>>> print(open('protein00.csv').read())   # CSV, C-alpha atoms and all ligand atoms
chain,number,residue,atom,x,y,z
A,186,MET,CA,0.6,22.7,-30.3
A,187,THR,CA,1.9,25.3,-32.8
A,188,ASP,CA,-1.4,27.3,-32.6
A,189,GLN,CA,-1.1,27.6,-28.8
A,190,ALA,CA,-0.6,31.1,-27.5
A,191,VAL,CA,3.0,32.0,-26.4
A,192,ILE,CA,3.5,33.5,-23.0
A,193,LEU,CA,6.1,36.0,-23.8
A,194,ALA,CA,8.7,37.3,-21.4
A,195,PRO,CA,9.0,41.1,-20.7
A,196,ASN,CA,9.7,43.3,-23.7
A,197,GLY,CA,8.2,40.7,-26.0
A,198,GLU,CA,11.1,38.3,-25.6
A,199,GLN,CA,10.5,34.7,-26.7
A,200,TYR,CA,12.6,33.3,-23.9
A,201,TRP,CA,12.2,33.8,-20.2
A,202,ASP,CA,15.5,33.7,-18.2
A,203,THR,CA,13.9,31.2,-15.9
A,204,ILE,CA,10.6,29.4,-15.5
A,205,ILE,CA,9.9,27.9,-12.1
A,206,ILE,CA,7.3,25.1,-12.0
A,207,GLY,CA,5.7,24.9,-8.6
A,208,GLY,CA,4.9,27.7,-6.1
A,209,GLY,CA,5.6,26.0,-2.8
A,210,PRO,CA,8.3,27.3,-0.4
A,211,GLY,CA,11.1,26.0,-2.8
A,212,GLY,CA,9.6,27.7,-5.9
A,213,MET,CA,8.9,30.9,-4.0
A,214,GLY,CA,12.4,30.9,-2.6
A,215,ALA,CA,13.8,30.5,-6.1
A,216,ALA,CA,11.6,33.3,-7.4
A,217,LEU,CA,12.8,35.7,-4.8
A,218,TYR,CA,16.4,35.2,-5.7
A,219,SER,CA,15.9,35.0,-9.5
A,220,ALA,CA,13.9,38.2,-9.5
A,221,ARG,CA,16.5,40.0,-7.3
A,222,ALA,CA,19.1,38.9,-9.8
A,223,LEU,CA,16.9,40.7,-12.4
A,224,MET,CA,16.3,37.5,-14.3
A,225,SER,CA,12.9,37.5,-16.1
A,226,THR,CA,11.0,35.0,-14.0
A,227,LEU,CA,7.8,33.1,-14.7
A,228,LEU,CA,6.4,31.2,-11.7
A,229,LEU,CA,3.8,28.6,-12.5
A,230,ASP,CA,1.4,26.8,-10.2
A,231,ARG,CA,-1.8,24.9,-10.7
A,232,THR,CA,-3.9,26.6,-8.0
A,233,VAL,CA,-2.6,28.9,-5.3
A,234,LEU,CA,0.9,29.6,-4.0
A,235,GLY,CA,2.0,27.7,-0.9
A,236,GLY,CA,2.3,24.1,-1.9
A,237,ALA,CA,2.8,21.8,1.1
A,238,LEU,CA,2.8,24.7,3.5
A,239,LEU,CA,-0.9,24.9,3.0
A,240,LEU,CA,-1.3,21.3,4.3
A,241,THR,CA,0.6,22.1,7.5
A,242,GLU,CA,-1.2,23.6,10.4
A,243,HIS,CA,1.8,24.7,12.4
A,244,ILE,CA,5.5,24.8,11.6
A,245,ALA,CA,7.7,24.7,14.7
A,246,ASN,CA,11.1,24.1,13.0
A,247,TYR,CA,11.5,27.1,10.6
A,248,ALA,CA,14.2,29.3,11.9
A,249,GLY,CA,13.3,32.8,13.0
A,250,PHE,CA,9.9,31.9,14.3
A,251,PRO,CA,10.4,31.0,18.0
A,252,GLU,CA,6.7,30.6,18.6
A,253,GLY,CA,6.3,28.6,15.4
A,254,VAL,CA,4.2,29.8,12.5
A,255,GLY,CA,1.1,28.7,10.7
A,256,GLY,CA,1.7,27.1,7.3
A,257,PHE,CA,-0.9,29.3,5.7
A,258,GLU,CA,0.6,32.4,7.2
A,259,LEU,CA,4.1,31.5,6.1
A,260,ALA,CA,2.9,30.9,2.6
A,261,GLN,CA,1.2,34.3,2.5
A,262,ARG,CA,4.3,36.1,3.8
A,263,MET,CA,6.5,34.4,1.2
A,264,GLU,CA,4.0,35.3,-1.5
A,265,GLN,CA,3.9,39.0,-0.3
A,266,GLN,CA,7.6,39.1,-0.4
A,267,ILE,CA,8.0,37.8,-4.0
A,268,ARG,CA,5.1,40.1,-5.1
A,269,ASN,CA,7.4,43.0,-4.2
A,270,TYR,CA,9.5,42.0,-7.1
A,271,ASP,CA,9.1,41.6,-10.8
A,272,VAL,CA,7.9,38.0,-10.9
A,273,ASP,CA,5.2,37.0,-13.3
A,274,ILE,CA,3.0,34.6,-11.3
A,275,ARG,CA,0.4,32.6,-13.3
A,276,MET,CA,-2.0,29.9,-12.2
A,277,LEU,CA,-1.7,27.4,-15.0
A,278,GLU,CA,-1.5,23.7,-15.2
A,279,VAL,CA,1.8,22.5,-16.8
A,280,THR,CA,1.2,19.5,-19.0
A,281,SER,CA,4.7,18.9,-20.4
A,282,VAL,CA,8.3,20.1,-20.2
A,283,THR,CA,10.6,19.3,-23.1
A,284,HIS,CA,13.6,20.8,-24.9
A,285,ASP,CA,12.6,23.6,-27.1
A,286,ASP,CA,12.0,22.8,-30.8
A,287,LEU,CA,13.4,26.2,-31.9
A,288,ASP,CA,16.6,26.0,-29.8
A,289,PRO,CA,17.4,22.6,-28.2
A,290,SER,CA,19.5,24.2,-25.5
A,291,ALA,CA,16.4,26.0,-24.2
A,292,PHE,CA,13.2,24.5,-22.7
A,293,LYS,CA,9.5,24.5,-23.7
A,294,VAL,CA,6.9,24.4,-21.1
A,295,VAL,CA,3.4,23.6,-22.3
A,296,THR,CA,0.5,24.6,-20.1
A,297,ASN,CA,-3.3,24.4,-20.4
A,298,ASP,CA,-3.3,27.9,-21.6
A,299,GLY,CA,-0.3,28.5,-23.8
A,300,ILE,CA,3.4,27.6,-24.1
A,301,ALA,CA,6.4,29.4,-22.6
A,302,ARG,CA,10.1,29.1,-23.5
A,303,CYS,CA,13.1,29.6,-21.2
A,304,TRP,CA,16.8,29.3,-20.9
A,305,THR,CA,16.8,27.8,-17.5
A,306,LEU,CA,14.2,25.7,-15.7
A,307,ILE,CA,13.6,25.1,-12.0
A,308,LEU,CA,11.5,22.1,-11.2
A,309,ALA,CA,9.8,22.6,-7.9
A,310,ALA,CA,6.5,20.8,-8.3
A,311,GLY,CA,6.7,18.7,-5.2
A,312,ASN,CA,5.0,15.4,-4.6
A,313,THR,CA,1.5,14.0,-4.0
A,314,ALA,CA,0.4,11.8,-1.1
A,315,ARG,CA,0.2,8.1,-1.9
A,316,ARG,CA,-3.2,6.6,-1.7
A,317,LEU,CA,-4.0,3.4,0.2
A,318,ASP,CA,-4.2,0.2,-1.9
A,319,ALA,CA,-7.1,-1.5,0.0
A,320,PRO,CA,-10.7,-2.3,-1.0
A,321,GLY,CA,-12.9,0.7,-0.1
A,322,ALA,CA,-10.0,3.2,0.2
A,323,ASP,CA,-10.8,4.8,-3.2
A,324,GLU,CA,-14.5,4.3,-2.9
A,325,PHE,CA,-14.6,6.3,0.4
A,326,PHE,CA,-12.1,8.9,-0.6
A,327,GLY,CA,-13.6,12.2,0.4
A,328,ARG,CA,-16.3,10.4,2.5
A,329,GLY,CA,-14.1,9.5,5.4
A,330,VAL,CA,-10.8,8.7,3.7
A,331,SER,CA,-8.4,11.7,3.5
A,332,THR,CA,-4.8,12.5,3.0
A,333,CYS,CA,-5.0,15.9,4.7
A,334,ALA,CA,-5.6,16.2,8.5
A,335,VAL,CA,-5.3,20.0,8.3
A,336,CYS,CA,-8.0,20.2,5.7
A,337,ASP,CA,-10.4,17.6,7.1
A,338,GLY,CA,-9.5,17.0,10.7
A,339,ALA,CA,-12.1,19.5,12.1
A,340,PHE,CA,-14.9,17.4,10.7
A,341,TYR,CA,-14.2,14.7,13.2
A,342,ARG,CA,-14.9,16.6,16.4
A,343,ASN,CA,-15.5,14.0,19.2
A,344,ARG,CA,-15.4,11.1,16.7
A,345,PRO,CA,-12.9,8.3,16.4
A,346,VAL,CA,-10.4,8.4,13.6
A,347,ALA,CA,-7.4,6.4,12.4
A,348,VAL,CA,-4.1,7.3,10.8
A,349,VAL,CA,-2.2,4.9,8.6
A,350,GLY,CA,1.6,5.1,8.5
A,351,GLY,CA,4.7,5.2,10.8
A,352,GLY,CA,6.7,8.2,9.5
A,353,ASP,CA,6.9,11.8,10.7
A,354,SER,CA,3.7,12.7,8.8
A,355,ALA,CA,1.6,10.0,10.4
A,356,LEU,CA,2.7,10.8,13.9
A,357,GLU,CA,2.6,14.6,13.5
A,358,GLU,CA,-0.8,14.5,12.0
A,359,GLY,CA,-2.0,11.9,14.4
A,360,LEU,CA,-1.0,14.3,17.3
A,361,PHE,CA,-2.7,17.2,15.5
A,362,LEU,CA,-6.0,15.2,15.1
A,363,THR,CA,-6.2,14.7,18.9
A,364,ARG,CA,-7.4,18.3,19.0
A,365,PHE,CA,-10.7,17.2,17.5
A,366,ALA,CA,-11.1,13.5,17.6
A,367,SER,CA,-12.3,11.4,20.6
A,368,GLU,CA,-9.7,8.7,19.8
A,369,VAL,CA,-6.8,8.5,17.3
A,370,HIS,CA,-5.8,5.0,16.2
A,371,ILE,CA,-2.3,4.9,14.6
A,372,ILE,CA,-1.9,1.9,12.4
A,373,HIS,CA,1.6,0.9,11.4
A,374,ARG,CA,2.8,-2.1,9.5
A,375,ARG,CA,5.9,-2.7,11.7
A,376,ASP,CA,6.6,-2.5,15.4
A,377,GLU,CA,9.2,0.3,15.0
A,378,PHE,CA,8.4,3.8,13.9
A,379,ARG,CA,10.4,5.6,11.2
A,380,ALA,CA,9.3,9.0,12.7
A,381,GLU,CA,11.4,11.2,14.9
A,382,LYS,CA,11.7,9.9,18.5
A,383,ILE,CA,10.0,13.0,19.9
A,384,PHE,CA,6.9,12.4,17.9
A,385,VAL,CA,6.9,8.7,18.9
A,386,ARG,CA,7.2,9.5,22.6
A,387,GLU,CA,4.4,12.2,22.4
A,388,ALA,CA,2.1,9.7,20.7
A,389,GLN,CA,2.9,6.9,23.1
A,390,GLU,CA,2.1,9.2,26.0
A,391,HIS,CA,-1.0,10.8,24.6
A,392,PRO,CA,-4.2,9.7,26.3
A,393,LYS,CA,-6.3,9.9,23.1
A,394,ILE,CA,-3.8,7.9,20.9
A,395,GLN,CA,-3.8,4.1,20.6
A,396,LEU,CA,-1.0,2.5,18.6
A,397,HIS,CA,-1.8,-0.6,16.4
A,398,LEU,CA,1.6,-2.1,15.5
A,399,ASN,CA,2.2,-4.8,13.0
A,400,ARG,CA,-1.1,-4.0,11.3
A,401,VAL,CA,-2.2,-3.0,7.8
A,402,VAL,CA,-5.6,-2.1,6.6
A,403,ALA,CA,-7.3,-5.0,4.7
A,404,GLU,CA,-10.5,-3.1,3.9
A,405,VAL,CA,-12.2,0.3,4.5
A,406,ARG,CA,-15.8,-0.4,5.3
A,407,GLY,CA,-18.8,1.9,5.4
A,408,GLU,CA,-22.2,2.8,4.0
A,409,GLU,CA,-22.5,6.5,2.9
A,410,THR,CA,-19.3,7.2,4.8
A,411,VAL,CA,-16.5,5.2,6.6
A,412,LYS,CA,-17.7,3.1,9.5
A,413,SER,CA,-14.8,0.8,10.3
A,414,LEU,CA,-11.4,-0.6,9.2
A,415,GLN,CA,-10.6,-4.3,9.0
A,416,LEU,CA,-7.0,-4.8,10.0
A,417,ILE,CA,-4.6,-7.6,9.3
A,418,ASP,CA,-1.8,-8.7,11.6
A,419,THR,CA,1.3,-8.5,9.5
A,420,LEU,CA,3.1,-11.1,11.5
A,421,THR,CA,0.5,-13.9,11.2
A,422,GLN,CA,-1.3,-12.5,8.1
A,423,GLN,CA,-4.5,-13.2,10.0
A,424,PRO,CA,-7.5,-10.8,10.4
A,425,ALA,CA,-7.1,-8.7,13.5
A,426,GLU,CA,-9.2,-5.7,14.8
A,427,ASP,CA,-12.3,-4.5,13.1
A,428,LEU,CA,-11.8,-0.9,14.2
A,429,PRO,CA,-14.9,1.4,14.4
A,430,VAL,CA,-13.8,4.8,13.1
A,431,ASP,CA,-15.5,7.6,11.2
A,432,GLY,CA,-12.4,8.8,9.4
A,433,VAL,CA,-9.0,7.5,8.2
A,434,PHE,CA,-6.0,9.7,7.3
A,435,ILE,CA,-3.4,8.1,5.0
A,436,TYR,CA,0.2,9.1,5.5
A,437,ILE,CA,2.2,6.3,3.7
A,438,GLY,CA,4.6,8.4,1.7
A,439,SER,CA,4.2,10.2,-1.6
A,440,THR,CA,4.9,10.1,-5.3
A,441,PRO,CA,6.8,12.8,-7.2
A,442,ASN,CA,5.0,15.2,-9.5
A,443,SER,CA,7.6,14.6,-12.2
A,444,GLY,CA,5.4,13.0,-14.9
A,445,ILE,CA,5.2,16.2,-16.8
A,446,VAL,CA,9.0,16.3,-17.3
A,447,GLN,CA,9.5,14.7,-20.7
A,448,LEU,CA,13.2,15.5,-20.7
A,449,PRO,CA,15.7,12.6,-20.7
A,450,ILE,CA,16.5,13.5,-17.1
A,451,ASP,CA,18.0,11.2,-14.5
A,452,ARG,CA,15.4,9.9,-11.9
A,453,ASP,CA,15.5,7.4,-9.2
A,454,SER,CA,13.4,4.2,-9.3
A,455,ALA,CA,10.4,6.0,-7.7
A,456,GLY,CA,10.5,8.8,-10.3
A,457,TYR,CA,12.1,11.5,-8.1
A,458,ILE,CA,14.5,13.8,-10.0
A,459,ILE,CA,18.2,13.3,-9.2
A,460,ALA,CA,19.9,16.6,-8.4
A,461,ASN,CA,23.2,17.4,-6.7
A,462,LYS,CA,23.9,19.8,-3.9
A,463,ARG,CA,24.0,22.7,-6.4
A,464,THR,CA,20.5,21.6,-7.5
A,465,GLN,CA,21.8,20.7,-10.9
A,466,THR,CA,20.1,17.8,-12.7
A,467,SER,CA,21.6,15.7,-15.5
A,468,ILE,CA,20.2,18.2,-18.0
A,469,ALA,CA,22.2,21.5,-18.5
A,470,GLY,CA,20.2,24.5,-17.4
A,471,CYS,CA,17.6,22.4,-15.5
A,472,PHE,CA,17.5,22.5,-11.7
A,473,ALA,CA,15.4,20.6,-9.3
A,474,ILE,CA,14.5,21.5,-5.7
A,475,GLY,CA,12.4,20.5,-2.7
A,476,ASP,CA,10.1,17.5,-2.5
A,477,ILE,CA,10.4,16.5,-6.2
A,478,VAL,CA,14.1,15.7,-5.6
A,479,SER,CA,15.3,12.2,-4.8
A,480,GLY,CA,16.1,11.8,-1.1
A,481,SER,CA,14.3,15.0,-0.1
A,482,ARG,CA,13.8,15.3,3.6
A,483,ARG,CA,10.7,17.4,3.1
A,484,GLN,CA,11.6,20.4,5.3
A,485,VAL,CA,10.5,23.9,4.5
A,486,ALA,CA,13.9,25.2,5.4
A,487,ILE,CA,15.6,22.8,2.9
A,488,SER,CA,13.2,23.7,0.1
A,489,VAL,CA,13.7,27.5,0.6
A,490,GLY,CA,17.4,27.0,0.8
A,491,GLU,CA,17.5,24.9,-2.4
A,492,GLY,CA,15.3,27.5,-4.0
A,493,CYS,CA,18.0,30.1,-3.3
A,494,VAL,CA,20.8,27.8,-4.6
A,495,SER,CA,18.9,27.0,-7.8
A,496,ALA,CA,18.3,30.6,-8.7
A,497,LEU,CA,22.0,31.5,-8.1
A,498,GLU,CA,23.0,28.5,-10.2
A,499,ALA,CA,20.6,29.4,-12.9
A,500,GLU,CA,21.9,32.9,-13.0
A,501,ALA,CA,25.5,31.6,-13.2
A,502,TYR,CA,24.5,29.2,-16.0
A,503,LEU,CA,22.8,32.0,-17.9
A,504,THR,CA,25.8,34.3,-17.6
A,505,GLU,CA,28.0,31.6,-19.1
A,506,LEU,CA,25.5,30.8,-21.8
A,507,ARG,CA,25.4,34.4,-22.9
A,508,ARG,CA,29.2,34.8,-22.7
A,509,HIS,CA,30.0,31.8,-24.8
A,510,GLN,CA,26.8,31.4,-26.8
A,511,GLN,CA,27.1,27.7,-25.9
A,512,PRO,CA,25.9,26.3,-22.6
A,513,SER,CA,28.4,24.6,-20.4
A,514,THR,CA,27.7,20.9,-19.9
A,515,SER,CA,25.9,20.2,-16.7
A,516,VAL,CA,27.8,18.8,-13.8
A,517,ALA,CA,26.6,15.3,-13.4
A,518,ALA,CA,24.2,14.8,-10.5
A,519,GLU,CA,26.0,13.4,-7.5
B,601,LIG,P1,7.8,8.3,5.1
B,601,LIG,O1,8.9,8.8,6.0
B,601,LIG,O2,8.2,7.7,3.8
B,601,LIG,O3,6.9,7.3,5.9
B,601,LIG,C1,5.9,6.5,5.3
B,601,LIG,C2,5.4,5.5,6.3
B,601,LIG,O4,4.3,4.8,5.7
B,601,LIG,C3,6.4,4.5,6.8
B,601,LIG,O5,6.2,4.3,8.1
B,601,LIG,C4,6.0,3.3,6.0
B,601,LIG,O6,6.3,2.1,6.7
B,601,LIG,C5,4.5,3.5,5.8
B,601,LIG,N1,4.0,2.8,4.6
B,601,LIG,C6,4.5,3.0,3.3
B,601,LIG,N2,3.8,2.3,2.4
B,601,LIG,C7,2.8,1.7,3.1
B,601,LIG,C8,1.8,0.8,2.8
B,601,LIG,N3,1.5,0.5,1.6
B,601,LIG,N4,1.0,0.4,3.8
B,601,LIG,C9,1.2,0.8,5.1
B,601,LIG,N5,2.2,1.6,5.5
B,601,LIG,C10,3.0,2.0,4.5
B,601,LIG,O7,6.8,9.5,4.7
B,601,LIG,P2,6.4,10.8,5.5
B,601,LIG,O8,6.0,10.4,6.9
B,601,LIG,O9,5.4,11.4,4.7
B,601,LIG,O10,7.7,11.6,5.5
B,601,LIG,C11,8.4,11.9,4.3
B,601,LIG,C12,9.6,12.9,4.6
B,601,LIG,O11,9.1,14.1,5.1
B,601,LIG,C13,10.5,12.3,5.7
B,601,LIG,O12,11.8,12.6,5.4
B,601,LIG,C14,10.1,13.0,6.9
B,601,LIG,O13,11.1,13.1,7.9
B,601,LIG,C15,9.7,14.4,6.4
B,601,LIG,N6,8.7,15.0,7.3
B,601,LIG,C16,9.1,15.8,8.3
B,601,LIG,C17,8.2,16.4,9.2
B,601,LIG,C18,8.8,17.3,10.3
B,601,LIG,O14,10.0,17.5,10.4
B,601,LIG,N7,7.9,17.8,11.1
B,601,LIG,C19,6.9,16.2,9.0
B,601,LIG,C20,6.4,15.4,8.0
B,601,LIG,C21,7.3,14.8,7.1
B,601,LIG,P3,7.8,1.6,6.9
B,601,LIG,O15,8.3,2.5,8.0
B,601,LIG,O16,7.6,0.2,7.4
B,601,LIG,O17,8.5,1.7,5.7
>>> encode(input="protein00.csv", output="structure tokens", more="lines below")
Ligand code: NAP
Amino acid sequence: MTDQAVILAPNGEQYWDTIIIGGGPGGMGAALYSARALMSTLLLDRTVLGGALLLTEHIANYAGFPEGVGGFELAQRMEQQIRNYDVDIRMLEVTSVTHDDLDPSAFKVVTNDGIARCWTLILAAGNTARRLDAPGADEFFGRGVSTCAVCDGAFYRNRPVAVVGGGDSALEEGLFLTRFASEVHIIHRRDEFRAEKIFVREAQEHPKIQLHLNRVVAEVRGEETVKSLQLIDTLTQQPAEDLPVDGVFIYIGSTPNSGIVQLPIDRDSAGYIIANKRTQTSIAGCFAIGDIVSGSRRQVAISVGEGCVSALEAEAYLTELRRHQQPSTSVAAE
């Protein structure tokens, strides 16, 4: 590790004022505020900026856009805005986050191409869609099984598809898929949906959508690509429909991208980071925002708002750190 290149802050400083891990709406919101507070800011993302925005075709509930806005367009606008400021944006894969070995009140971020050190850290790495645990689901991943309707939906023009799940994502994406598919079968393990009532009503009334309640997928079957799904009735545990579909979209929740965080930080049982309303975590100087946080409602507006809060809190923490030499202890996460 010691021979790794160091990503220095402006003016050759060893320590960045803040490093933001994750360039979704939360990370970009944080970068906007930290840069405007004249904090030296390093924003890291694996690939491109946008995060979950890039997986959303149309966003109808982000304030200020009465006609709605495309996820890609909103991501581009946010990126343009932060590029107007002095934010160092780098596409690097973060492999670990620990306390710094030189100064344990600071943090060390190890990437695939060098290490960076910072006084404050904003965790905004989001989460990853959960995969289906059924025979064939991994084998046919990318050959009919997908976790992204926006990315893959158009391949299924006039072909039957299924969606697994009963939350907002399943219903919203199921409705989106009706633009392309001949039939959309929504498979849910209970007889009641977790999704917003407006989505449920739209799905129930849509002529292309068929709901399969009290059902789970026992097996994804196919040859080169997916051909059908064998379902099980969850009430009787007996085999139910053998559903002929060409594609299946999995929306059964997600897991947090928090494995890189090797700090003794409080997490919930699923690994999501616990943070309070001020985005403070159990580690002084470390903040968490957006979909990596325990109890996140996965809304763009919330992530952007938390990004703003985290940068303001990071600035206040840094001011205190500089004034007293010693960091204040963190407020315990609520
Ligand atoms: P979610 O709300 O956790 O729903 C996951 C769904 O998958 C649930 O219906 C769950 O069933 C089902 N499920 C979980 N594990 C399963 C398994 N192994 N086999 C079969 N089914 C399984 O996840 P989400 O829909 O991705 O939503 C996450 C958050 O984002 C929510 O807060 C949601 O409101 C928000 N969101 C909002 C919007 C929007 O506002 N437009 C859009 C998307 C997401 P049970 O119901 O039986 O547990």
>>> residues_around(input="protein00.csv", residues="stretch 249-255 of chain A", least_positions_apart="4", cutoff="12 Å", atoms="all atoms listed in the file", output="ChimeraX atom specification")
/A:235,237-245,259-262,335,485-486
>>> closest_residue(input="protein00.csv", among="A:Trp201, A:Phe378, A:Trp304, A:Phe257", to="ligand LIG 601 (chain B)", atoms="all atoms listed in the file")
A:Phe378
>>> residues_around(input="protein00.csv", residues="A:Ser331", least_positions_apart="3", cutoff="12 Å", atoms="only C-alpha atoms", output="PyMOL selection string")
chain A and resi 240+314-317+322-328+334-338+340-341+346-349+358+410-411+431-437
>>> closest_atom_pairs(input="protein00.csv", of="chain A", to="ligand LIG 601 (chain B)", cutoff="7 Å", atoms="all atoms listed in the file", output="CSV")
residue,atom,partner,partner_atom,distance
A:Leu317,CA,B:LIG601,N3,6.4
A:Asp318,CA,B:LIG601,N3,6.7
A:Val349,CA,B:LIG601,N5,6.3
A:Gly350,CA,B:LIG601,O4,3.9
A:Gly351,CA,B:LIG601,O5,3.2
A:Gly352,CA,B:LIG601,O8,3.5
A:Asp353,CA,B:LIG601,O8,4.1
A:Ser354,CA,B:LIG601,O8,3.8
A:Ala355,CA,B:LIG601,O8,5.6
A:Glu357,CA,B:LIG601,C19,6.4
A:His373,CA,B:LIG601,N5,6.0
A:Arg374,CA,B:LIG601,N5,5.5
A:Arg375,CA,B:LIG601,O16,5.5
A:Phe378,CA,B:LIG601,O15,6.0
A:Arg379,CA,B:LIG601,O15,4.9
A:Ala380,CA,B:LIG601,O13,6.6
A:Val401,CA,B:LIG601,C9,5.8
A:Tyr436,CA,B:LIG601,O9,5.7
A:Ile437,CA,B:LIG601,O4,3.3
A:Gly438,CA,B:LIG601,O7,3.9
A:Ser439,CA,B:LIG601,O9,6.5
A:Ser481,CA,B:LIG601,O12,6.5
A:Arg482,CA,B:LIG601,O12,3.8
A:Arg483,CA,B:LIG601,O11,4.2
A:Gln484,CA,B:LIG601,C16,6.0
>>> closest_residue(input="protein00.csv", among="A:Thr419, A:Gln266, A:Thr280, A:Gln199", to="A:Leu229", atoms="only C-alpha atoms")
A:Thr280
>>> residues_around(input="protein00.csv", residues="A:Val295", least_positions_apart="5", cutoff="12 Å", atoms="all atoms listed in the file", output="JSON, numbers by chain")
{"A": [186, 187, 188, 189, 190, 191, 192, 204, 206, 229, 277, 278, 279, 280, 281, 282, 283, 284, 285, 300, 301, 302, 303, 445, 446, 447]}
>>> atom_distance(input="protein00.csv", atom1="atom CA of A:Glu368", atom2="atom CA of A:Val330")
16.1 Å
>>> closest_residue(input="protein00.csv", among="A:Glu390, A:Glu258, A:Glu198, A:Asp271", to="A:Pro210", atoms="all atoms listed in the file")
A:Glu258
